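Enquirer: Attaching a single structure in structure tokens format; questions to follow.
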Amino acid sequence: MAHLGSGRRRLAVPVGLALTASLAFLPSAVASAAPLGTTADTAAAKQTTGPKLSYVANLTAYGTAKQAKKAIERAGGTVVTSYDQIGVVVAHSQNPDFAKTLRAQRSLFVSVGATRTAPLTAAKTTDEGATQKLSAADAAKAAAAAQTGQEPLEPNQWDLRTIKADQAHKINDGSPDVTVGVIDTGVDDTHPDLAPNFSRSQSANCVGGVADTSEGAWRPYPDGSDHGTHVAGTIAAARNGVGISGVAPGVKVAGIKVSEPGTSLFYTEAVVCGFMFAAEKGIEVTNNSYYVDPWLYNCKSDSDQGALVEALTRATRYAERKGVLSVASAGNSDHDLAADSILDDSSPNDTTPGPRTIDPSTCLDLPTQLPGVVTVSATGDKGLKSYYSSYGLGVVDVAAPGGDKWQVPATPDANGRVLSTVLGGGWGYKQGTSMAAPHVAGVAALLKSAHPNATPSQLQRMLKSQATKADCPAQVYDTAGNLVDAATCQAKWGQTGYYGAGVVDALKAVK
């Protein structure tokens with residue numbers, strides 16, 4: 001299963017990205033695909049007995065979608081969709097040599113890679129595991145403690161007070177002209193706390209790589225995850241006298257479902273579709289509380305993984321050019337994303353993982369470590385880095401409340417996790433960097449509401465400059481709840497590896 005909650009290191013722009021949004025892959029392009037004329041090529045194209053896999057093929061600046069389609073079909077594949085704006089084609093094939101055959105055509109393809117190691121299977125659903133639901137007794141305690149102007153469950157929202165969102169709401173709840181796209185497991189727009197702010201026209205199901213905008217396609221699977229719904233509530237649950245309040249309760253929220261049924265895995269073709277859909281639908285901020293499966297870290301030196309990095313870089317860059325700020329979680333592995341090496345023992349997670357030691361400067365957590373993406377670490381009620389949160393000096397941009405069961409707040413429920421919306425019209429608790437990122441996305445939406453002409457890079461600079469500075473702590477909690485020395489926290493350039501530029505501030509965003 002995907003880790004729902006996954007820093008950013010700047011990358012050199014790949015060769016294929018030298019093209020601009022206006023550089024279409026023209027039919028009159030100079031170079032053309034080399035024909036598959038050799039006996040070896042013909043034999044490779046006929047091999048269609050292998051497992052059916054999904055691929056991304058990244059075109060050169062001279063390649064066209066028409067040429068790519070012909071080359072893909074000759075190699076025993078079929079085109080699923082083509083994103084001509086960024087030169088990325090999604091294809092399926094059962095030819096074991098499919099990627100190898102296309103990579104040989106260097107005038108047409110920069111890179112080609114399989115997006116998974118497990119074959120495509122029929123849709124199915126399984127249980128995702130239980131969320132800690134809000135009990136009726138705790139709901140009653142919160143309602144009894146609520147003050148005038150608060151939502152019934154707001155006394156339990158220590159996280160809002162941490163970033164001064166409760167004070168910000170007295171000035172500005174955010175503009176309905178701003179939409180945050182939740183790229184996730186789907187959003188339940190029928191939830192009473194989400195329905196008032198939900199944008200159907202900007203929602204879709206991108207699983208498989210093609211956007212399905214039919215009614216309800218964006219909702220979680222019947223037995224699916226409530227992850228995306230929980231994230232959406234943190235961002236924009238309405239101030240309507242029901243349940244909780246979001247960080248930006250006046251903005252719109254959209255659901256862009258990208259997780260596979262049954263496994264909740266997030267594959268590249270779906271995530272590329274999510275970013276492209278957000279860009280074309282005028283979404284201003286996207287929240288990305290996941291990592292792209294099946295690799296926890298994608299090594300650019302690997303032919304398959306390198307192609308995934310290329311495709312996703314193109315998609316996020318395009319979205320940024322179209323005015324989208326992307327926010328992503330740093331991950332729940334307690335990894336130092338600025339370390340010289342990291343042990344990755346969970347990849348690939350769709351077949352059989354095996355241990356490998358990677359260099360996080362060249363093997364990237366996607367989309368977290370892509371250029372232009374805001375990387376978020378998690379904190380608890382005491383302001384300490386959450387015990388599970390990954391970190392990294394120069395990688396983490398800002399921090400936000402993600403919850404920590406060991407950092408117990410003085411709230412009616414005394415629960416250190418984050419309370420938000422869940423399936424079935426209820427509310428429940430989760431913790432993770434998945435819960436930290438939507439706090440930042442909400443603050444970014446408040447900033448965009450106050451500064452409607454701000455670019456994504458300007459919004460990111462404001463998030464950092466307005467953040468409440470946080471020094472390296474003396475101690476933090478470990479997995480067992482023990483206080484231990486915070487020896488892994490480094491500080492430089494006015495930032496720390498645990499908190500980046502600091503904890504985001506909603507009040508400053510609206511002033």
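Each chain in the structure tokens gets a letter, A, B, ..., in the order shown, and its residues are numbered from 1; ligands are numbered from 1 in order too.
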So that I can see what lies close to Asn298 of chain A, please list as a PDB file with C-alpha atoms, in the first residue's frame the residues with an atom at most 6 Å from it, counting only C-alpha atoms and leaving out residues fewer than 2 positions away in the same chain.
Expert:
```
ATOM      1  CA  TRP A 295       9.287   3.372  -5.593  1.00  0.00           C
ATOM      2  CA  GLN A 305      12.566   5.348 -12.588  1.00  0.00           C
ATOM      3  CA  CYS A 363      16.989   9.203  -5.994  1.00  0.00           C
ATOM      4  CA  LEU A 364      13.924  11.328  -5.344  1.00  0.00           C
TER       5      LEU A 364
END
```
Enquirer: Each residue of segment 195-286 of chain A with at least one atom at most 12 Å from segment 118-122 of chain A should appear once, together with its nearest atom pair and the corresponding distance in Å (one decimal); atoms considered: only C-alpha atoms; ordering: chain, then increasing residue number; output as a Markdown table.
Expert:
```
| residue | atom | partner | partner_atom | distance |
| --- | --- | --- | --- | --- |
| A:Gly208 | CA | A:Leu120 | CA | 9.9 |
| A:Glu260 | CA | A:Thr121 | CA | 10.2 |
| A:Pro261 | CA | A:Ala122 | CA | 9.1 |
| A:Gly262 | CA | A:Ala122 | CA | 9.7 |
| A:Thr263 | CA | A:Thr121 | CA | 11.0 |
| A:Leu265 | CA | A:Ala118 | CA | 11.3 |
| A:Tyr267 | CA | A:Ala118 | CA | 11.2 |
```
Enquirer: With N, CA and C atoms retained, could you export that selection as an mmCIF file, in the first residue's frame?
Expert:
```cif
data_model
loop_
_atom_site.group_PDB
_atom_site.id
_atom_site.type_symbol
_atom_site.label_atom_id
_atom_site.label_comp_id
_atom_site.auth_asym_id
_atom_site.auth_seq_id
_atom_site.Cartn_x
_atom_site.Cartn_y
_atom_site.Cartn_z
ATOM 1 N N GLY A 208 -5.534 5.656 -14.074
ATOM 2 C CA GLY A 208 -5.297 5.147 -15.416
ATOM 3 C C GLY A 208 -4.681 6.172 -16.342
ATOM 4 N N GLU A 260 -5.286 3.775 -7.034
ATOM 5 C CA GLU A 260 -5.843 2.570 -7.627
ATOM 6 C C GLU A 260 -6.893 1.940 -6.700
ATOM 7 N N PRO A 261 -7.926 1.340 -7.264
ATOM 8 C CA PRO A 261 -8.879 0.615 -6.420
ATOM 9 C C PRO A 261 -8.219 -0.611 -5.803
ATOM 10 N N GLY A 262 -8.568 -0.881 -4.576
ATOM 11 C CA GLY A 262 -8.058 -2.083 -3.917
ATOM 12 C C GLY A 262 -6.750 -1.885 -3.192
ATOM 13 N N THR A 263 -5.787 -1.216 -3.832
ATOM 14 C CA THR A 263 -4.462 -1.070 -3.231
ATOM 15 C C THR A 263 -4.175 0.337 -2.733
ATOM 16 N N LEU A 265 -2.664 2.472 -4.388
ATOM 17 C CA LEU A 265 -1.352 2.854 -4.915
ATOM 18 C C LEU A 265 -1.508 4.036 -5.869
ATOM 19 N N TYR A 267 0.062 5.657 -9.010
ATOM 20 C CA TYR A 267 0.997 5.448 -10.112
ATOM 21 C C TYR A 267 1.193 6.727 -10.934
#
```
Enquirer: When you look at Leu446 of chain A with a cut-off of 10 Å (counting only C-alpha atoms), what residues show up, excluding the ones that are within fewer than 5 positions of it in the same chain? I need them as a PyMOL selection string.
Expert: chain A and resi 165+168-169+172-175+178+247-251+440-441+451-452+506-511
Enquirer: Please, what distance in Å, to one decimal, runs between atom CA of Arg461 of chain A and atom CA of Gln495 of chain A?
Expert: 13.6 Å
Enquirer: Could you pull the residues within 12 Å of segment 338-347 of chain A, counting only C-alpha atoms, minus those fewer than 2 positions along the same chain, as an NGL selection string?
Expert: :A and (1-3 or 7-10 or 116-117 or 291-299 or 305 or 330 or 333-336 or 349-365 or 369 or 390-396 or 488-490 or 496-498 or 500)
Enquirer: Select, from A:Gly228, A:Gly372, A:Pro51, A:Gly243, the residue with the minimum atom-to-atom distance to Pro155 of chain A, counting only C-alpha atoms.
Expert: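 Closest to Pro155 of chain A, using only C-alpha atoms: A:Gly243.
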Enquirer: Identify all residues of segment 408-437 of chain A in strand (DSSP E) (DSSP on the backbone) and supply them as a PyMOL selection string.
Expert: chain A and resi 418-422+426-430
Enquirer: Fewer than 6 positions away in the same chain doesn't count, so skip those; otherwise give me all residues within 10 Å of Thr234 of chain A, counting only C-alpha atoms, as a list of chain:residue names.
Expert: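 My reading of the contact set: A:Gln157, A:Asp159, A:Leu160, A:Ile244, A:Ser245, A:Gly246, A:Val247, A:Ala248, A:Pro249, A:Val418, A:Leu419, A:Ser420, A:Thr421, A:Met435, A:Ala436, A:Ala437, A:Pro438, A:His439, A:Val440, A:Ala441, A:Gly442.
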Enquirer: To one decimal in Å, tell me the separation between atom CA of Ala279 of chain A and atom CA of Leu59 of chain A.
Expert: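 Distance reported for this atom pair: 20.1 Å.
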Enquirer: Here is a test: counting only C-alpha atoms, which residue of A:Ala445, A:Ala328, A:Val422, A:Ala311 is nearest to His230 of chain A?
Expert: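 Comparing A:Ala445, A:Ala328, A:Val422, A:Ala311 against His230 of chain A, the winner is A:Val422.
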Enquirer: Return the single residue from A:Thr115, A:Val272, A:Val285, A:Trp427 that is closest to Pro152 of chain A, with distances computed using only C-alpha atoms.
Expert: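 Among the listed residues, the smallest separation from Pro152 of chain A belongs to A:Trp427.
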Enquirer: Work out how far atom CA of Gly426 of chain A is from atom CA of Arg219 of chain A, in Å to one decimal.
Expert: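 Between atom CA of Arg219 of chain A and atom CA of Gly426 of chain A the gap is 15.5 Å.
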Enquirer: Which is closer to Ala114 of chain A than all the others in A:Glu269, A:Glu154, A:Asp381, A:Asp189, using only C-alpha atoms?
Expert: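 Of all the options, A:Glu269 lies closest to Ala114 of chain A.
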